[in-house]
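The structure appears right after this line, and notes come after that.
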Amino acid sequence: MKITEYVSNSPEETKKIASELVSTFHGGEVIKAIGDMGCGKTAFCQGIGKALGVKGIINSPTFNLIKVYQGEKITLYHVDCYRLEGVDEERKDLALDEVMGDKKIITYIEWPNYGSEDIINYHPVITIKLSYLDDEQRKIVIEDERF
Amino acid sequence: MKDEIILAIESSCDETAIAILKNGKELLVNSVNTQIEDHKRFGGVYPELASRLHLQNITKVLAYALSLKDFDYKTITHVAVTGGPGLPGALQIGAMAAKTLATYLNVPLISVHHLAGHIYANEYVTEFKYPLLALIASGGNSEIVYLPSPMKFEIIGETEDDAIGEAFDKVARELGLPYPGGVNLDKISKEEGIKTFPLPKPKVSGYNLSYSGLKSHLIRMIQKEKRDEEGKIPLEVVKSYARSTEEHFVNQMLDKLHQAAVDYHVRQVVVGGGVSANSYLRSHVNDVFKNDDIEVMLPPLWCTTDNAAMIAKAAHHMIELGHLAPLSMTTMPNRNLEDE
């Protein structure tokens, strides 16, 4: 596993780090984003989307659970399991088993630990750990199981 | 002339719902399966997510709808279904049921955009006057949509991050308020004389909105508050947060809505979505528009939640415009409102 650490000074820098990560993608990557509220999980996904050529705004999928965006060649699934905290396993099924790993799809999952066993046990994944340093700065650790 | 009878199905997210609409006006059935027993068990908190549950529910709501006294299912002239956006698996269940029915009855199929439904739900209350501006404010949406004519949509503003209802819920949770957070935030902020404090104004372009930065700012402020032995923040402080959050979030939205309404010279503004129940929004929206010759409509709450009546209403307009879908239609989880 390859571990890379960054310090981001703004949402724009976070997006740039995301777009560098996208340059290593071949399709089918599954990304899990972990971090407290307001650490930039959605900002990181906006960077991924932009690098994939998604036009328009990528905003929070918390309520909708899944939002789907079309990039130039790849479809982006933006998933948020925040609402699934404490939900029965059988109710957590978002039918992502056919989505995760599909070569035409990138799956980005926020709050994966509240998700179904399918999500929790999926490998290989790229885990993005975001944490708060101060009002502007965030620490970003990327744990990449592909390497 | 023969009656137009639309059977509509909505299954894009949490609810499986069916409605039957006669001649675009008379709602014969409006049935939402809320799995009452299960919801009780979970305190009414959790969503109906699994496609499998939609599959179980759809036969139940359909059987209920078609068992209606004095109703002959053979009189159905159109079948409408939510074609997106939504959860991919959930959408497919609704579409499969709709296609099966349309094939069996040999009637046309209509594929409706979920947000078009939310906007046209307001027509159960008032006839639309174009050009019109619709604000959709809920847990999942914060959009300002311009309608120059029926079923023509231009999204002129939307949230760049969190929806307003979602941000309310998350701030409320940090304040220790019970679910549903946004509703409880509203409840405790109603009384007179609650002190408010200033909050930063996010820089957002055009008619777009932003709540994520404010939410994070508030959460960090709340985390620094003094707490009692049980870890609770004093009620007066919680109320002050609640009122400040509510005013600040709603004002951001109403300022943009008002500016857009003036710039686009609209005749009518309709406010939809769960957040339209917010008491500050309801009391303040008329103040914002008091000097304008613009009619402001606030719908009753039943219009704002997911249901199939709204899908039937939008379908009625689509039939008038000849927007029918082939039986080969596919659901689109990322369907764009502006492509309608």
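Quick note on naming: the chains in the structure tokens go A, B, ... in the order shown, residues restart at 1 in each chain, and ligands are numbered from 1 in order of appearance.
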TODO: Could you please tell me, as a list in words, which residues of chain A have an atom within 7 Å of chain B when using only C-alpha atoms?
DONE: Met37, Gly38, Ile57, Asn59, Ser60, Phe63, Asn64, Ile66, Lys67, Val68, Tyr69, Val87, Arg91, Lys92, Asp93, Leu94 and Ala95 of chain A
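Taking chain A and asking which residues DSSP calls alpha helix (DSSP H) on the backbone, you get A:Pro11, A:Glu12, A:Glu13, A:Thr14, A:Lys15, A:Lys16, A:Ile17, A:Ala18, A:Ser19, A:Glu20, A:Leu21, A:Val22, A:Lys41, A:Thr42, A:Ala43, A:Phe44, A:Cys45, A:Gln46, A:Gly47, A:Ile48, A:Gly49, A:Lys50, A:Ala51, A:Leu52, A:Glu117, A:Asp118, A:Ile119, A:Ile120.
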Export of prior selection with N, CA and C atoms as a compact mmCIF listing (two decimals), in the first residue's frame:
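Result file result28.txt:
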# COMPACT_ATOMS: atom_id res chain seq x y z
N PRO A 11 -9.70 24.96 -0.29
CA PRO A 11 -10.48 23.99 -1.07
C PRO A 11 -9.90 23.82 -2.48
N GLU A 12 -9.35 24.90 -3.05
CA GLU A 12 -8.77 24.82 -4.40
C GLU A 12 -7.58 23.86 -4.42
N GLU A 13 -6.74 23.93 -3.36
CA GLU A 13 -5.59 23.02 -3.29
C GLU A 13 -6.06 21.57 -3.12
N THR A 14 -7.10 21.39 -2.31
CA THR A 14 -7.66 20.05 -2.12
C THR A 14 -8.12 19.48 -3.46
N LYS A 15 -8.76 20.32 -4.27
CA LYS A 15 -9.25 19.88 -5.59
C LYS A 15 -8.07 19.52 -6.50
N LYS A 16 -6.98 20.28 -6.36
CA LYS A 16 -5.81 20.02 -7.20
C LYS A 16 -5.17 18.67 -6.83
N ILE A 17 -5.12 18.38 -5.54
CA ILE A 17 -4.59 17.08 -5.08
C ILE A 17 -5.45 15.96 -5.65
N ALA A 18 -6.76 16.18 -5.64
CA ALA A 18 -7.70 15.18 -6.19
C ALA A 18 -7.45 14.97 -7.67
N SER A 19 -7.22 16.06 -8.37
CA SER A 19 -7.05 15.92 -9.82
C SER A 19 -5.73 15.21 -10.16
N GLU A 20 -4.70 15.39 -9.31
CA GLU A 20 -3.45 14.63 -9.51
C GLU A 20 -3.70 13.13 -9.32
N LEU A 21 -4.54 12.80 -8.36
CA LEU A 21 -4.86 11.39 -8.11
C LEU A 21 -5.57 10.79 -9.33
N VAL A 22 -6.46 11.58 -9.93
CA VAL A 22 -7.22 11.09 -11.09
C VAL A 22 -6.28 10.71 -12.24
N LYS A 41 -14.45 16.59 2.18
CA LYS A 41 -14.73 15.35 1.45
C LYS A 41 -15.41 15.65 0.11
N THR A 42 -16.41 16.52 0.17
CA THR A 42 -17.12 16.87 -1.07
C THR A 42 -16.22 17.70 -1.99
N ALA A 43 -15.39 18.58 -1.40
CA ALA A 43 -14.45 19.37 -2.22
C ALA A 43 -13.50 18.45 -2.98
N PHE A 44 -13.04 17.40 -2.31
CA PHE A 44 -12.15 16.43 -2.96
C PHE A 44 -12.86 15.77 -4.15
N CYS A 45 -14.14 15.43 -3.96
CA CYS A 45 -14.90 14.81 -5.04
C CYS A 45 -15.12 15.80 -6.19
N GLN A 46 -15.28 17.08 -5.85
CA GLN A 46 -15.42 18.09 -6.91
C GLN A 46 -14.17 18.13 -7.77
N GLY A 47 -12.99 17.97 -7.12
CA GLY A 47 -11.73 17.93 -7.86
C GLY A 47 -11.65 16.71 -8.77
N ILE A 48 -12.12 15.57 -8.28
CA ILE A 48 -12.13 14.34 -9.09
C ILE A 48 -13.06 14.55 -10.30
N GLY A 49 -14.24 15.08 -10.02
CA GLY A 49 -15.22 15.29 -11.08
C GLY A 49 -14.69 16.22 -12.17
N LYS A 50 -14.07 17.30 -11.75
CA LYS A 50 -13.55 18.26 -12.72
C LYS A 50 -12.50 17.59 -13.60
N ALA A 51 -11.61 16.81 -12.96
CA ALA A 51 -10.56 16.13 -13.72
C ALA A 51 -11.14 15.07 -14.67
N LEU A 52 -12.31 14.54 -14.34
CA LEU A 52 -12.95 13.55 -15.22
C LEU A 52 -13.77 14.22 -16.33
N GLU A 117 -22.01 -3.96 4.23
CA GLU A 117 -20.83 -4.84 4.25
C GLU A 117 -20.14 -4.83 2.89
N ASP A 118 -20.94 -4.80 1.83
CA ASP A 118 -20.41 -4.74 0.45
C ASP A 118 -19.39 -3.61 0.33
N ILE A 119 -19.76 -2.46 0.87
CA ILE A 119 -18.90 -1.27 0.77
C ILE A 119 -17.70 -1.42 1.70
N ILE A 120 -17.97 -1.81 2.93
CA ILE A 120 -16.89 -1.89 3.93
C ILE A 120 -15.83 -2.91 3.51
Open item on the list: Env of Val266 of chain B: 6 Å cut, atoms = only C-alpha atoms, seq-sep filter 3 positions within chain, self excluded. Answer as a list in words.
Closed with: Pro131, Leu132 and Ala261 of chain B
Using C-alpha atoms, can you write the selected residues to a file as a short mmCIF file (atom, residue, chain, number, x, y, z; two decimals), in the first residue's frame?
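Output contents, as saved in part.cif:
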data_model
loop_
_atom_site.label_atom_id
_atom_site.label_comp_id
_atom_site.auth_asym_id
_atom_site.auth_seq_id
_atom_site.Cartn_x
_atom_site.Cartn_y
_atom_site.Cartn_z
CA PRO B 131 -42.83 33.48 -16.59
CA LEU B 132 -42.43 31.91 -13.18
CA ALA B 261 -37.33 37.33 -9.59
#
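Here the question is which of A:His78, A:Lys139, A:Lys73, A:Lys103 gets nearest to Ile58 of chain A using only C-alpha atoms, and that residue is A:His78.
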Open item on the list: Taking only segment 149-261 of chain B into account, list the residues labelled strand (DSSP E) by DSSP (computed from the backbone), as a PyMOL selection string.
Closed with: chain B and resi 154-158
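Residues with any atom within 7 Å of Ala315 of chain B, counting only C-alpha atoms and excluding same-chain neighbours fewer than 3 positions away, are Ala80, Ile110, Val112, Ile311, Ala312, Met318 and Ile319 of chain B.
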Keeping only C-alpha atoms, write the selected residues as a CSV table (one decimal), in the first residue's frame.
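New file selection-v7.csv:
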chain,number,residue,atom,x,y,z
B,80,ALA,CA,-46.4,8.0,-15.9
B,110,ILE,CA,-44.6,9.3,-19.8
B,112,VAL,CA,-41.2,12.5,-15.7
B,311,ILE,CA,-45.5,13.1,-11.1
B,312,ALA,CA,-49.1,12.8,-12.4
B,318,MET,CA,-46.3,16.6,-20.8
B,319,ILE,CA,-49.3,14.9,-22.5
Task: Shell of 8 Å around Cys39 of chain A, only C-alpha atoms, local chain residues under 2 positions omitted, as number ranges by chain - done: A: 35-37, 41, 130-132, 138
Output the selection as a short mmCIF file (atom, residue, chain, number, x, y, z; two decimals), in the first residue's frame - C-alpha atoms for each residue.
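Contents of the output file again01.cif:
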data_model
loop_
_atom_site.label_atom_id
_atom_site.label_comp_id
_atom_site.auth_asym_id
_atom_site.auth_seq_id
_atom_site.Cartn_x
_atom_site.Cartn_y
_atom_site.Cartn_z
CA GLY A 35 -13.09 12.78 7.80
CA ASP A 36 -15.23 14.98 10.03
CA MET A 37 -17.82 17.31 8.67
CA LYS A 41 -14.73 15.35 1.45
CA LEU A 130 -9.05 14.29 5.71
CA SER A 131 -8.52 16.07 9.01
CA TYR A 132 -8.83 19.61 10.32
CA ARG A 138 -6.45 20.37 6.12
#
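Here atom CA of Asn113 of chain A and atom CA of Pro61 of chain A stand 16.0 Å from one another.
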TODO: Name the residues in contact with Arg146 of chain A at a cut-off of 8 Å, using only C-alpha atoms, excluding same-chain residues fewer than 4 positions from it; report them as a list in words.
DONE: Met1, Lys2, Pro124, Val125 and Ile126 of chain A
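Between Leu135 of chain B and the candidates B:Lys224, B:Lys2, B:His258, B:His316, the tightest atom-to-atom separation, counting only C-alpha atoms, involves B:His258.
Taking atom CA of Asn121 of chain A as the reference point, atom CA of Thr24 of chain A is found at 22.8 Å.
We find atom CA of Val30 of chain A and atom CA of Gly84 of chain B to be spaced 23.9 Å apart.
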